[in-house]
file target-v6.csv (CSV, C-alpha atoms)
chain,number,residue,atom,x,y,z
V,1,MET,CA,-29.9,-9.8,-50.9
V,2,ASN,CA,-30.2,-12.3,-48.0
V,3,TYR,CA,-33.4,-12.3,-46.1
V,4,ASN,CA,-33.3,-13.9,-42.6
V,5,ILE,CA,-36.0,-15.6,-40.7
V,6,ILE,CA,-35.2,-15.6,-37.0
V,7,LEU,CA,-37.0,-18.2,-35.0
V,8,GLU,CA,-38.3,-18.0,-31.5
V,9,ALA,CA,-36.3,-19.9,-28.8
V,10,GLY,CA,-36.9,-23.6,-29.0
V,11,LYS,CA,-38.8,-23.4,-32.3
V,12,GLU,CA,-35.9,-24.6,-34.4
V,13,ARG,CA,-36.1,-28.3,-33.3
V,14,PRO,CA,-38.7,-29.5,-35.9
V,15,ILE,CA,-36.7,-27.8,-38.7
V,16,VAL,CA,-33.4,-29.2,-37.5
V,17,ARG,CA,-35.1,-32.6,-37.6
V,18,ARG,CA,-36.1,-32.1,-41.2
V,19,HIS,CA,-39.7,-31.0,-40.9
V,20,PRO,CA,-40.1,-28.8,-44.0
V,21,TRP,CA,-42.6,-26.2,-42.7
V,22,VAL,CA,-42.0,-23.1,-40.6
V,23,TYR,CA,-45.2,-21.8,-39.1
V,24,ALA,CA,-45.8,-18.0,-38.6
V,25,THR,CA,-46.1,-18.6,-34.9
V,26,ALA,CA,-42.5,-19.9,-34.7
V,27,ILE,CA,-41.0,-16.7,-36.2
V,28,LYS,CA,-39.6,-14.0,-33.9
V,29,ARG,CA,-38.7,-11.6,-36.7
V,30,VAL,CA,-38.0,-11.2,-40.4
V,31,ASP,CA,-35.0,-9.3,-41.5
V,32,GLY,CA,-35.8,-7.4,-44.7
V,33,LYS,CA,-39.0,-7.5,-46.8
V,34,PRO,CA,-38.9,-10.7,-48.9
V,35,LYS,CA,-41.6,-11.1,-51.6
V,36,ALA,CA,-43.8,-14.1,-51.9
V,37,GLY,CA,-41.7,-17.0,-53.0
V,38,ALA,CA,-38.3,-15.4,-52.3
V,39,THR,CA,-35.6,-17.5,-50.8
V,40,VAL,CA,-35.0,-16.8,-47.1
V,41,GLN,CA,-32.4,-18.1,-44.6
V,42,ILE,CA,-33.8,-19.7,-41.5
V,43,LEU,CA,-31.8,-19.0,-38.3
V,44,SER,CA,-32.2,-20.0,-34.7
V,45,GLN,CA,-32.6,-17.3,-32.1
V,46,ASP,CA,-28.9,-17.3,-31.4
V,47,GLY,CA,-28.1,-16.8,-35.1
V,48,ARG,CA,-27.2,-20.4,-36.1
V,49,TRP,CA,-28.0,-21.2,-39.7
V,50,ILE,CA,-30.6,-24.1,-40.1
V,51,ALA,CA,-32.1,-24.2,-43.6
V,52,LYS,CA,-33.3,-22.1,-46.5
V,53,GLY,CA,-36.7,-22.0,-48.0
V,54,ALA,CA,-39.5,-20.1,-49.8
V,55,TYR,CA,-41.2,-17.3,-48.0
V,56,SER,CA,-45.0,-17.0,-48.0
V,57,PRO,CA,-46.1,-13.8,-46.3
V,58,LEU,CA,-49.8,-14.6,-46.1
V,59,SER,CA,-49.8,-18.2,-45.2
V,60,LYS,CA,-49.8,-19.7,-41.7
V,61,ILE,CA,-47.0,-21.9,-43.2
V,62,ARG,CA,-44.7,-18.9,-43.5
V,63,VAL,CA,-41.7,-20.8,-44.9
V,64,ARG,CA,-41.4,-24.1,-46.8
V,65,VAL,CA,-37.9,-25.5,-46.7
V,66,TRP,CA,-35.9,-26.0,-50.0
V,67,SER,CA,-32.6,-27.2,-48.5
V,68,TRP,CA,-30.7,-27.9,-45.3
V,69,ASN,CA,-27.4,-27.5,-47.1
V,70,GLU,CA,-26.1,-23.9,-46.6
V,71,SER,CA,-23.9,-24.0,-49.7
V,72,GLU,CA,-26.7,-25.3,-52.1
V,73,ALA,CA,-28.0,-22.5,-54.3
V,74,ILE,CA,-31.7,-22.3,-55.1
V,75,ASP,CA,-31.6,-21.7,-58.8
V,76,HIS,CA,-32.6,-23.4,-62.1
V,77,ALA,CA,-30.0,-26.1,-61.6
V,78,PHE,CA,-31.5,-26.9,-58.2
V,79,PHE,CA,-34.9,-27.6,-59.7
V,80,LYS,CA,-33.4,-29.7,-62.5
V,81,ARG,CA,-31.7,-31.9,-60.0
V,82,LYS,CA,-34.8,-32.3,-57.8
V,83,ILE,CA,-37.0,-33.2,-60.7
V,84,SER,CA,-34.5,-35.6,-62.2
V,85,THR,CA,-34.2,-37.4,-58.9
V,86,ALA,CA,-38.0,-37.6,-58.6
V,87,ILE,CA,-38.4,-39.1,-62.0
V,88,GLN,CA,-35.7,-41.7,-61.4
V,89,HIS,CA,-37.5,-42.8,-58.3
V,90,ARG,CA,-40.7,-43.4,-60.3
V,91,GLN,CA,-38.8,-45.3,-63.0
V,92,GLN,CA,-37.4,-47.6,-60.3
V,93,TRP,CA,-40.6,-48.3,-58.3
V,94,VAL,CA,-43.7,-47.9,-60.6
V,95,LYS,CA,-44.6,-50.7,-62.9
V,96,ASP,CA,-47.7,-51.7,-64.9
V,97,SER,CA,-49.1,-48.2,-65.4
V,98,ASN,CA,-48.4,-45.1,-67.4
V,99,ALA,CA,-50.4,-43.0,-65.0
V,100,ILE,CA,-47.8,-41.9,-62.5
V,101,ARG,CA,-47.2,-39.2,-59.8
V,102,LEU,CA,-43.9,-37.8,-60.9
V,103,ILE,CA,-43.5,-35.3,-58.0
V,104,ALA,CA,-45.2,-35.5,-54.6
V,105,GLY,CA,-44.4,-32.1,-53.0
V,106,GLU,CA,-42.5,-32.3,-49.8
V,107,ALA,CA,-41.6,-35.9,-50.2
V,108,ASP,CA,-39.5,-34.9,-53.3
V,109,GLY,CA,-38.1,-31.8,-51.7
V,110,LEU,CA,-40.4,-29.5,-53.7
V,111,PRO,CA,-43.0,-28.3,-51.3
V,112,GLY,CA,-46.3,-27.4,-53.0
V,113,LEU,CA,-45.6,-29.0,-56.3
V,114,ILE,CA,-47.7,-31.9,-57.6
V,115,VAL,CA,-46.9,-33.3,-61.0
V,116,ASP,CA,-48.8,-36.3,-62.6
V,117,GLN,CA,-48.0,-38.0,-65.8
V,118,TYR,CA,-50.7,-39.6,-68.0
V,119,ASP,CA,-48.9,-41.3,-70.8
V,120,ARG,CA,-47.3,-38.4,-72.7
V,121,VAL,CA,-49.3,-35.7,-70.9
V,122,ILE,CA,-48.0,-33.8,-67.8
V,123,VAL,CA,-50.4,-32.2,-65.4
V,124,CYS,CA,-49.0,-29.7,-62.8
V,125,GLN,CA,-50.3,-28.1,-59.7
V,126,PHE,CA,-48.4,-25.1,-58.2
V,127,LEU,CA,-49.8,-24.9,-54.7
V,128,SER,CA,-47.4,-22.7,-52.8
V,129,ALA,CA,-45.7,-19.3,-53.2
V,130,GLY,CA,-42.3,-20.9,-53.6
V,131,VAL,CA,-43.1,-23.1,-56.6
V,132,GLU,CA,-45.2,-20.3,-58.1
V,133,TYR,CA,-42.1,-18.1,-57.9
V,134,TRP,CA,-40.0,-20.7,-59.7
V,135,ARG,CA,-42.8,-21.9,-62.1
V,136,ASP,CA,-40.8,-21.1,-65.3
V,137,ALA,CA,-37.8,-23.0,-64.2
V,138,ILE,CA,-40.0,-26.0,-63.1
V,139,ILE,CA,-41.9,-26.0,-66.4
V,140,SER,CA,-38.7,-25.8,-68.4
V,141,ALA,CA,-37.1,-28.7,-66.4
V,142,LEU,CA,-40.2,-30.9,-66.8
V,143,GLN,CA,-40.4,-30.3,-70.6
V,144,GLU,CA,-36.7,-31.1,-71.0
V,145,GLN,CA,-36.8,-34.3,-68.8
V,146,THR,CA,-40.1,-35.8,-69.8
V,147,GLN,CA,-40.3,-34.7,-73.5
V,148,CYS,CA,-44.1,-34.5,-73.0
V,149,SER,CA,-46.4,-33.7,-75.9
V,150,LEU,CA,-48.8,-31.7,-73.7
V,151,MET,CA,-48.4,-29.9,-70.4
V,152,VAL,CA,-51.5,-28.8,-68.5
V,153,GLU,CA,-51.8,-26.7,-65.3
V,154,ARG,CA,-54.5,-27.5,-62.8
V,155,SER,CA,-53.6,-25.0,-60.0
V,156,ASP,CA,-57.3,-24.7,-59.3
V,157,ALA,CA,-57.2,-25.9,-55.7
V,158,ALA,CA,-58.5,-23.8,-52.8
V,159,VAL,CA,-55.2,-24.1,-51.0
V,160,ARG,CA,-53.8,-21.4,-53.3
V,161,ALA,CA,-55.9,-18.8,-51.7
V,162,ARG,CA,-54.1,-19.4,-48.4
V,163,GLU,CA,-50.9,-18.5,-50.2
V,164,GLY,CA,-52.4,-15.3,-51.6
V,165,LEU,CA,-52.5,-16.9,-55.1
V,166,ALA,CA,-55.4,-16.9,-57.5
V,167,GLU,CA,-56.6,-20.3,-58.9
V,168,GLN,CA,-55.6,-20.9,-62.5
V,169,SER,CA,-55.6,-23.7,-65.0
V,170,GLY,CA,-55.0,-24.2,-68.7
V,171,ILE,CA,-52.6,-25.5,-71.3
V,172,LEU,CA,-48.9,-24.6,-70.6
V,173,SER,CA,-47.5,-26.2,-73.8
V,174,GLY,CA,-48.6,-28.4,-76.7
V,175,GLU,CA,-52.0,-28.8,-78.1
V,176,HIS,CA,-55.0,-30.7,-76.7
V,177,ASP,CA,-57.4,-32.3,-79.2
V,178,GLY,CA,-60.3,-32.4,-76.6
V,179,GLU,CA,-60.2,-36.2,-76.3
V,180,LEU,CA,-59.7,-38.1,-73.2
V,181,VAL,CA,-56.1,-39.1,-72.4
V,182,LEU,CA,-55.9,-42.9,-72.4
V,183,VAL,CA,-53.8,-44.7,-69.8
V,184,ASN,CA,-53.4,-48.4,-68.9
V,185,GLU,CA,-53.3,-49.6,-65.3
V,186,HIS,CA,-52.8,-53.3,-64.6
V,187,GLY,CA,-54.6,-54.2,-67.8
V,188,ILE,CA,-57.5,-51.7,-67.4
V,189,GLN,CA,-57.8,-48.8,-69.8
V,190,TYR,CA,-58.9,-45.5,-68.2
V,191,GLY,CA,-59.9,-42.2,-70.0
V,192,ILE,CA,-58.6,-39.1,-68.2
V,193,ASP,CA,-60.1,-35.6,-68.5
V,194,VAL,CA,-57.0,-33.6,-67.7
V,195,LEU,CA,-58.7,-30.2,-68.1
V,196,GLU,CA,-61.9,-30.7,-66.0
V,197,GLY,CA,-61.5,-33.9,-64.0
V,198,HIS,CA,-61.0,-34.0,-60.2
V,199,LYS,CA,-57.6,-32.9,-59.0
V,200,THR,CA,-55.3,-33.6,-62.0
V,201,GLY,CA,-57.9,-35.9,-63.6
V,202,PHE,CA,-57.5,-39.2,-61.8
V,203,TYR,CA,-56.8,-40.7,-58.4
V,204,ILE,CA,-53.4,-42.2,-59.2
V,205,ASP,CA,-52.8,-42.8,-55.5
V,206,GLN,CA,-55.3,-45.7,-55.4
V,207,ARG,CA,-53.5,-47.8,-58.0
V,208,ASP,CA,-52.4,-50.5,-55.6
V,209,ASN,CA,-55.7,-50.6,-53.8
V,210,ARG,CA,-57.6,-51.0,-57.1
V,211,LYS,CA,-55.4,-53.9,-57.9
V,212,LEU,CA,-56.2,-55.5,-54.5
V,213,VAL,CA,-59.9,-55.0,-55.1
V,214,SER,CA,-59.5,-56.8,-58.5
V,215,GLU,CA,-57.7,-59.7,-56.8
V,216,LEU,CA,-60.5,-60.1,-54.2
V,217,ALA,CA,-63.6,-59.4,-56.2
V,218,SER,CA,-64.2,-62.8,-57.9
V,219,ASN,CA,-67.8,-64.0,-57.6
V,220,ARG,CA,-68.7,-61.2,-55.2
V,221,ARG,CA,-71.5,-58.6,-55.2
V,222,VAL,CA,-69.7,-55.3,-55.0
V,223,LEU,CA,-70.8,-51.8,-53.8
V,224,ASN,CA,-68.6,-48.9,-54.8
V,225,MET,CA,-69.6,-45.6,-53.0
V,226,PHE,CA,-68.3,-42.2,-54.1
V,227,CYS,CA,-67.3,-44.0,-57.2
V,228,TYR,CA,-66.3,-41.0,-59.3
V,229,THR,CA,-65.4,-42.3,-62.8
V,230,GLY,CA,-65.5,-45.9,-61.6
V,231,GLY,CA,-61.9,-46.9,-60.9
V,232,PHE,CA,-62.7,-49.4,-58.3
V,233,SER,CA,-65.8,-50.5,-60.2
V,234,LEU,CA,-63.7,-51.4,-63.3
V,235,ALA,CA,-61.2,-53.2,-61.1
V,236,ALA,CA,-63.9,-55.3,-59.5
V,237,LEU,CA,-65.3,-56.2,-62.9
V,238,GLN,CA,-61.8,-57.1,-64.1
V,239,GLY,CA,-61.5,-59.4,-61.1
V,240,GLY,CA,-64.7,-61.3,-61.9
V,241,ALA,CA,-67.3,-59.7,-59.7
V,242,ASN,CA,-70.9,-61.0,-60.1
V,243,SER,CA,-72.3,-57.5,-60.0
V,244,VAL,CA,-71.1,-54.0,-59.2
V,245,MET,CA,-73.4,-51.2,-57.9
V,246,SER,CA,-71.7,-47.8,-58.2
V,247,VAL,CA,-72.9,-44.5,-56.5
V,248,ASP,CA,-71.8,-41.0,-57.1
V,249,SER,CA,-73.5,-37.5,-57.1
V,250,SER,CA,-71.8,-36.5,-60.4
V,251,GLY,CA,-73.7,-37.5,-63.5
V,252,ASP,CA,-70.8,-36.5,-65.7
V,253,ALA,CA,-68.5,-38.8,-63.8
V,254,LEU,CA,-70.9,-41.7,-64.0
V,255,ALA,CA,-71.3,-41.1,-67.8
V,256,LEU,CA,-67.5,-41.3,-68.2
V,257,ALA,CA,-67.4,-44.4,-66.0
V,258,GLN,CA,-69.9,-46.2,-68.3
V,259,CYS,CA,-67.9,-45.2,-71.3
V,260,GLN,CA,-64.8,-46.7,-69.7
V,261,MET,CA,-66.7,-49.9,-68.9
V,262,ALA,CA,-67.6,-50.3,-72.6
V,263,MET,CA,-64.1,-49.4,-73.7
V,264,ASN,CA,-62.8,-52.3,-71.6
V,265,GLY,CA,-65.4,-54.7,-73.0
V,266,TYR,CA,-67.2,-55.4,-69.7
V,267,SER,CA,-70.9,-56.5,-70.0
V,268,PRO,CA,-73.2,-53.7,-69.1
V,269,GLU,CA,-75.5,-56.2,-67.3
V,270,LEU,CA,-72.9,-56.6,-64.6
V,271,ALA,CA,-73.0,-53.0,-63.4
V,272,THR,CA,-75.5,-50.4,-62.3
V,273,TRP,CA,-74.8,-46.7,-61.9
V,274,HIS,CA,-76.7,-44.4,-59.5
V,275,ASP,CA,-76.6,-40.6,-59.5
V,276,ALA,CA,-77.4,-40.2,-55.8
V,277,ASP,CA,-76.2,-38.9,-52.5
V,278,ALA,CA,-74.0,-41.6,-50.8
V,279,PHE,CA,-75.3,-41.0,-47.2
V,280,SER,CA,-78.9,-41.3,-48.1
V,281,THR,CA,-78.2,-44.3,-50.4
V,282,LEU,CA,-76.4,-46.2,-47.6
V,283,ARG,CA,-79.4,-45.6,-45.3
V,284,GLU,CA,-81.8,-46.8,-48.0
V,285,LEU,CA,-79.8,-49.9,-48.7
V,286,ARG,CA,-79.7,-50.7,-45.0
V,287,GLY,CA,-83.4,-50.1,-44.7
V,288,ALA,CA,-84.0,-52.5,-47.6
V,289,GLN,CA,-81.8,-55.1,-45.9
V,290,GLU,CA,-79.5,-55.3,-48.9
V,291,LYS,CA,-76.2,-57.2,-48.5
V,292,PHE,CA,-72.9,-57.1,-50.3
V,293,ASP,CA,-69.7,-59.2,-50.4
V,294,LEU,CA,-67.3,-56.3,-51.0
V,295,ILE,CA,-67.8,-52.6,-50.3
V,296,VAL,CA,-65.5,-49.7,-51.2
V,297,LEU,CA,-65.8,-46.4,-49.3
V,298,ASP,CA,-63.5,-43.8,-50.9
V,299,PRO,CA,-65.2,-40.4,-50.1
V,300,PRO,CA,-63.9,-37.0,-50.9
V,301,LYS,CA,-61.9,-34.9,-48.4
V,302,PHE,CA,-64.3,-34.4,-45.4
V,303,ALA,CA,-61.7,-32.4,-43.4
V,304,PRO,CA,-60.0,-29.8,-45.6
V,305,SER,CA,-58.3,-28.4,-42.4
V,306,ALA,CA,-58.0,-29.3,-38.7
V,307,GLN,CA,-60.9,-27.1,-37.7
V,308,HIS,CA,-63.2,-29.5,-39.7
V,309,LEU,CA,-61.9,-32.6,-37.9
V,310,GLU,CA,-64.7,-33.3,-35.5
V,311,ARG,CA,-67.4,-32.9,-38.1
V,312,ALA,CA,-65.4,-35.1,-40.6
V,313,LEU,CA,-65.0,-37.9,-38.1
V,314,LYS,CA,-68.8,-38.0,-37.5
V,315,ALA,CA,-69.3,-38.2,-41.3
V,316,TYR,CA,-66.7,-41.0,-41.7
V,317,LYS,CA,-68.3,-42.9,-38.8
V,318,GLU,CA,-71.8,-42.6,-40.3
V,319,ILE,CA,-70.8,-44.1,-43.6
V,320,ASN,CA,-68.6,-46.8,-42.1
V,321,ARG,CA,-71.2,-47.9,-39.6
V,322,ALA,CA,-73.7,-48.3,-42.4
V,323,ALA,CA,-71.3,-50.1,-44.7
V,324,LEU,CA,-70.3,-52.6,-42.0
V,325,GLN,CA,-74.0,-53.5,-41.5
V,326,LEU,CA,-74.4,-54.1,-45.2
V,327,LEU,CA,-71.7,-56.8,-45.4
V,328,ASN,CA,-72.5,-60.5,-45.8
V,329,PRO,CA,-70.6,-62.9,-43.5
V,330,GLY,CA,-67.0,-63.1,-44.9
V,331,GLY,CA,-67.6,-59.8,-46.7
V,332,LEU,CA,-64.8,-57.2,-47.2
V,333,LEU,CA,-64.8,-53.4,-46.6
V,334,PHE,CA,-62.2,-51.2,-48.2
V,335,THR,CA,-62.5,-47.9,-46.4
V,336,PHE,CA,-60.4,-44.8,-46.9
V,337,SER,CA,-59.8,-41.2,-45.9
V,338,CYS,CA,-57.9,-38.7,-48.1
V,339,SER,CA,-58.1,-35.9,-45.5
V,340,GLY,CA,-54.7,-34.9,-44.3
V,341,ALA,CA,-56.2,-33.5,-41.1
V,342,VAL,CA,-57.4,-37.0,-40.2
V,343,SER,CA,-54.3,-38.9,-38.9
V,344,PRO,CA,-54.0,-42.7,-39.2
V,345,GLN,CA,-54.7,-42.8,-35.4
V,346,HIS,CA,-57.9,-40.7,-35.8
V,347,PHE,CA,-59.0,-42.9,-38.6
V,348,GLU,CA,-58.5,-46.2,-36.8
V,349,GLN,CA,-60.2,-44.9,-33.7
V,350,MET,CA,-63.1,-43.9,-35.8
V,351,ILE,CA,-63.3,-47.3,-37.4
V,352,THR,CA,-63.2,-49.0,-33.9
V,353,SER,CA,-66.1,-46.8,-32.9
V,354,SER,CA,-68.0,-47.7,-36.1
V,355,VAL,CA,-67.4,-51.4,-35.6
V,356,ASN,CA,-68.7,-51.2,-32.0
V,357,GLU,CA,-71.9,-49.4,-33.1
V,358,ALA,CA,-72.4,-51.7,-36.0
V,359,MET,CA,-72.1,-54.8,-33.9
V,360,ALA,CA,-74.5,-53.3,-31.3
V,361,HIS,CA,-77.2,-53.0,-34.0
V,362,MET,CA,-76.7,-56.5,-35.5
V,363,GLN,CA,-79.2,-59.1,-34.5
V,364,ASP,CA,-76.5,-61.8,-34.8
V,365,HIS,CA,-74.5,-61.2,-31.7
V,366,GLY,CA,-71.8,-63.5,-33.0
V,367,THR,CA,-70.8,-60.9,-35.6
V,368,SER,CA,-67.3,-59.5,-35.5
V,369,TYR,CA,-64.9,-57.7,-37.8
V,370,ARG,CA,-61.2,-58.0,-38.2
V,371,VAL,CA,-58.6,-55.8,-39.8
V,372,MET,CA,-57.0,-57.6,-42.7
V,373,ARG,CA,-54.6,-54.9,-44.0
V,374,ARG,CA,-53.7,-51.3,-43.6
V,375,LEU,CA,-53.8,-49.4,-46.9
V,376,ALA,CA,-52.0,-46.4,-48.3
V,377,ALA,CA,-51.0,-44.7,-51.5
V,378,GLY,CA,-48.6,-46.3,-54.0
V,379,LEU,CA,-44.8,-46.1,-54.1
V,380,ASP,CA,-45.0,-43.0,-56.3
V,381,HIS,CA,-46.5,-41.2,-53.3
V,382,PRO,CA,-43.7,-41.5,-50.7
V,383,VAL,CA,-44.0,-39.8,-47.3
V,384,LEU,CA,-41.1,-38.2,-45.4
V,385,ALA,CA,-40.5,-39.8,-42.1
V,386,SER,CA,-39.9,-36.3,-40.7
V,387,PHE,CA,-43.2,-35.1,-42.1
V,388,PRO,CA,-46.1,-37.5,-41.2
V,389,GLU,CA,-48.6,-34.8,-42.3
V,390,GLY,CA,-47.7,-35.9,-45.8
V,391,GLU,CA,-49.6,-39.2,-45.3
V,392,TYR,CA,-52.9,-37.9,-46.5
V,393,LEU,CA,-54.4,-41.2,-47.8
V,394,LYS,CA,-55.0,-43.9,-45.3
V,395,GLY,CA,-57.2,-46.9,-45.4
V,396,LEU,CA,-58.2,-50.3,-43.9
V,397,LEU,CA,-59.4,-53.6,-45.3
V,398,LEU,CA,-61.8,-55.1,-42.9
V,399,GLN,CA,-63.6,-58.5,-43.0
V,400,ARG,CA,-66.9,-59.5,-41.3
V,401,THR,CA,-66.1,-62.9,-39.8
V,402,GLN,CA,-69.7,-64.0,-38.9
call {"tool": "encode", "arguments": {"input": "target-v6.csv", "output": "C-alpha cells"}}
result
Amino acid sequence: MNYNIILEAGKERPIVRRHPWVYATAIKRVDGKPKAGATVQILSQDGRWIAKGAYSPLSKIRVRVWSWNESEAIDHAFFKRKISTAIQHRQQWVKDSNAIRLIAGEADGLPGLIVDQYDRVIVCQFLSAGVEYWRDAIISALQEQTQCSLMVERSDAAVRAREGLAEQSGILSGEHDGELVLVNEHGIQYGIDVLEGHKTGFYIDQRDNRKLVSELASNRRVLNMFCYTGGFSLAALQGGANSVMSVDSSGDALALAQCQMAMNGYSPELATWHDADAFSTLRELRGAQEKFDLIVLDPPKFAPSAQHLERALKAYKEINRAALQLLNPGGLLFTFSCSGAVSPQHFEQMITSSVNEAMAHMQDHGTSYRVMRRLAAGLDHPVLASFPEGEYLKGLLLQRTQ
C-alpha cells in the first residue's frame, strides 16, 4: 500500500533541493495510516512526486528521505547498495587507521544510521524510526560486507526518545571477551570500550585534528580539557610535548587514559591526570597565573537542541575566554564544538567575542590572536552540501601572537 505525504504550498522547495528532512509543520495531510518507519511518498500540494522516505509519527522530523528516484525500491537490495557505496568511500579516503566511521547517516543516504568500525568490530547506532524498521536488513548487509567478528549495538542515545524508540544496546552477533578493542591511529594504539564508552566508544571524528596536535606539540607545555580517554593527550606526547596536563570529570575515563599511555610506552612523568570540573579548573589555573603553549578544548555537546543555544554559547565563551588568557605568547588553542545546534557562524562569532574579552583583561595590550586554521571532522564524516545541519563538529586553531 502506498502512503502519501502531501506538503503545504511552498514547503517542497528544500526537499526538491535534496534536503533530507520533512518537518511536521511542512505537512498538509497524510493519506493513510503509515506505521513508524514505513516508506511514504512525498508529494507537493498539486500532487507532484518529489521523494520517498521513512515516516516517523512522533518526531518533529516527520519524514527522512531515502531516495529522490521514484523507481527506486526501498528494500533489502537498497540497503546493500547504500552500505556498499559507503564502505567503498572509506576505503578510498581513510588511511593510517583501523578506527573508521563506515556510515554517517544522511551523508551516506541512510538517515539516522551511524556505523563505526574498530578493527574487526562493528558498532551501530539506530537513531531513527526508518533505520529501526529496516534494522534486520541493515545488520545482514553489514555482516556480509564487513565480515566482522563482533557486532555491537549502541542505540542508547537520547535522540531515540524523540522517535518514540526506547534506548537499547548489546551484542548483535559474535562474542565479546570483555577486553578493550585495540586500534591504531597514526602510530598510536588506543583501547576502545565498545560496550560502555561514550557514543560508540571513541571520537573517531577527531582523527585528523589529533594528528595536527601531534605535529605541533614538540617542546610545548600542553593542557587538554575535557580529555575523556586522553586522545589528544597521547597525540601531544607522541609529538614530543614537554608535559601534558589532562582534565576530565570521569575517573573511569582517566584510568583508561593512563593505561593507554603505558600501553604506548610514554613516560608517566610527562603527564598529569586530574579528575575535576573543567570550568572551575580553568578559573583556578587562571587565578594561579599558569601558562601553556598548547591548549585543547573539546567539550561535550553543550547544545543538544536549538532551545539550548543561548546557554551553550555562554558556556563556550566562558571556557574559551579563560583558555585564551592561559596561552603563552606564540601559544596555540585548538577549540571545538560538537553541538549540531551551534552553526559554524555561531561558533566563530562566539570566538570573536571571547577574543575581545580576553584581550580586554590582558595587561599586555599588545596581545592579539589570529585564526590559523578552521577544523572539522575527517573524510569519513562527509557532509551533504544540501544539508549543512550535518556539520556538527567544527573547530578553530588560534595562535596568540604577543
call {"tool": "residues_around", "arguments": {"input": "target-v6.csv", "residues": "V:Phe347", "least_positions_apart": "3", "cutoff": "10 Å", "atoms": "only C-alpha atoms", "output": "ChimeraX atom specification"}}
result
/V:313,316-317,335-337,339,342-344,350-353,394-396
call {"tool": "residues_around", "arguments": {"input": "target-v6.csv", "residues": "V:Leu212", "least_positions_apart": "2", "cutoff": "10 Å", "atoms": "all atoms listed in the file", "output": "PyMOL selection string"}}
result
chain V and resi 206-210+214-217+232+235-236+239+334+397
call {"tool": "atom_distance", "arguments": {"input": "target-v6.csv", "atom1": "atom CA of V:Pro304", "atom2": "atom CA of V:Ala341"}}
result
7.0 Å
call {"tool": "closest_residue", "arguments": {"input": "target-v6.csv", "among": "V:Ile204, V:Ala36, V:Ile122, V:Ala54", "to": "V:Ser97", "atoms": "only C-alpha atoms"}}
result
V:Ile204
call {"tool": "residues_around", "arguments": {"input": "target-v6.csv", "residues": "V:Arg13", "least_positions_apart": "5", "cutoff": "10 Å", "atoms": "only C-alpha atoms", "output": "mmCIF file with C-alpha atoms, in the coordinates of the input"}}
result
data_model
loop_
_atom_site.group_PDB
_atom_site.id
_atom_site.type_symbol
_atom_site.label_atom_id
_atom_site.label_comp_id
_atom_site.auth_asym_id
_atom_site.auth_seq_id
_atom_site.Cartn_x
_atom_site.Cartn_y
_atom_site.Cartn_z
ATOM 1 C CA ARG V 18 -36.100 -32.100 -41.200
ATOM 2 C CA HIS V 19 -39.700 -31.000 -40.900
ATOM 3 C CA SER V 44 -32.200 -20.000 -34.700
ATOM 4 C CA ILE V 50 -30.600 -24.100 -40.100
#
call {"tool": "residues_around", "arguments": {"input": "target-v6.csv", "residues": "V:Gly197", "least_positions_apart": "3", "cutoff": "12 Å", "atoms": "all atoms listed in the file", "output": "PDB file with C-alpha atoms, keeping the file's coordinate frame"}}
result
ATOM      1  CA  VAL V 123     -50.400 -32.200 -65.400  1.00  0.00           C
ATOM      2  CA  ARG V 154     -54.500 -27.500 -62.800  1.00  0.00           C
ATOM      3  CA  ASP V 156     -57.300 -24.700 -59.300  1.00  0.00           C
ATOM      4  CA  SER V 169     -55.600 -23.700 -65.000  1.00  0.00           C
ATOM      5  CA  LEU V 180     -59.700 -38.100 -73.200  1.00  0.00           C
ATOM      6  CA  VAL V 181     -56.100 -39.100 -72.400  1.00  0.00           C
ATOM      7  CA  GLY V 191     -59.900 -42.200 -70.000  1.00  0.00           C
ATOM      8  CA  ILE V 192     -58.600 -39.100 -68.200  1.00  0.00           C
ATOM      9  CA  ASP V 193     -60.100 -35.600 -68.500  1.00  0.00           C
ATOM     10  CA  VAL V 194     -57.000 -33.600 -67.700  1.00  0.00           C
ATOM     11  CA  THR V 200     -55.300 -33.600 -62.000  1.00  0.00           C
ATOM     12  CA  GLY V 201     -57.900 -35.900 -63.600  1.00  0.00           C
ATOM     13  CA  PHE V 202     -57.500 -39.200 -61.800  1.00  0.00           C
ATOM     14  CA  TYR V 203     -56.800 -40.700 -58.400  1.00  0.00           C
ATOM     15  CA  TYR V 228     -66.300 -41.000 -59.300  1.00  0.00           C
ATOM     16  CA  THR V 229     -65.400 -42.300 -62.800  1.00  0.00           C
ATOM     17  CA  SER V 250     -71.800 -36.500 -60.400  1.00  0.00           C
ATOM     18  CA  ASP V 252     -70.800 -36.500 -65.700  1.00  0.00           C
ATOM     19  CA  ALA V 253     -68.500 -38.800 -63.800  1.00  0.00           C
ATOM     20  CA  LEU V 256     -67.500 -41.300 -68.200  1.00  0.00           C
TER      21      LEU V 256
END
call {"tool": "atom_distance", "arguments": {"input": "target-v6.csv", "atom1": "atom CA of V:Asn242", "atom2": "atom CA of V:Glu357"}}
result
29.4 Å
call {"tool": "closest_atom_pairs", "arguments": {"input": "target-v6.csv", "of": "stretch 223-259 of chain V", "to": "stretch 279-302 of chain V", "cutoff": "8 Å", "atoms": "only C-alpha atoms", "output": "Markdown table"}}
result
| residue | atom | partner | partner_atom | distance |
| --- | --- | --- | --- | --- |
| V:Leu223 | CA | V:Ile295 | CA | 4.7 |
| V:Asn224 | CA | V:Val296 | CA | 4.8 |
| V:Met225 | CA | V:Leu297 | CA | 5.4 |
| V:Phe226 | CA | V:Pro299 | CA | 5.4 |
| V:Cys227 | CA | V:Asp298 | CA | 7.4 |
| V:Phe232 | CA | V:Val296 | CA | 7.6 |
call {"tool": "atom_distance", "arguments": {"input": "target-v6.csv", "atom1": "atom CA of V:Gly109", "atom2": "atom CA of V:Arg48"}}
result
22.2 Å
call {"tool": "closest_residue", "arguments": {"input": "target-v6.csv", "among": "V:Asn184, V:Trp68, V:Glu8, V:Ala38", "to": "V:Ala26", "atoms": "all atoms listed in the file"}}
result
V:Glu8
call {"tool": "closest_residue", "arguments": {"input": "target-v6.csv", "among": "V:Lys35, V:Arg400, V:Arg101, V:His89", "to": "V:Gln325", "atoms": "all atoms listed in the file"}}
result
V:Arg400
call {"tool": "closest_residue", "arguments": {"input": "target-v6.csv", "among": "V:Cys338, V:Ala158, V:Ala360, V:Ala9", "to": "V:Glu389", "atoms": "only C-alpha atoms"}}
result
V:Cys338
call {"tool": "closest_residue", "arguments": {"input": "target-v6.csv", "among": "V:Ala51, V:Cys148, V:Leu172, V:Met372", "to": "V:Pro20", "atoms": "only C-alpha atoms"}}
result
V:Ala51
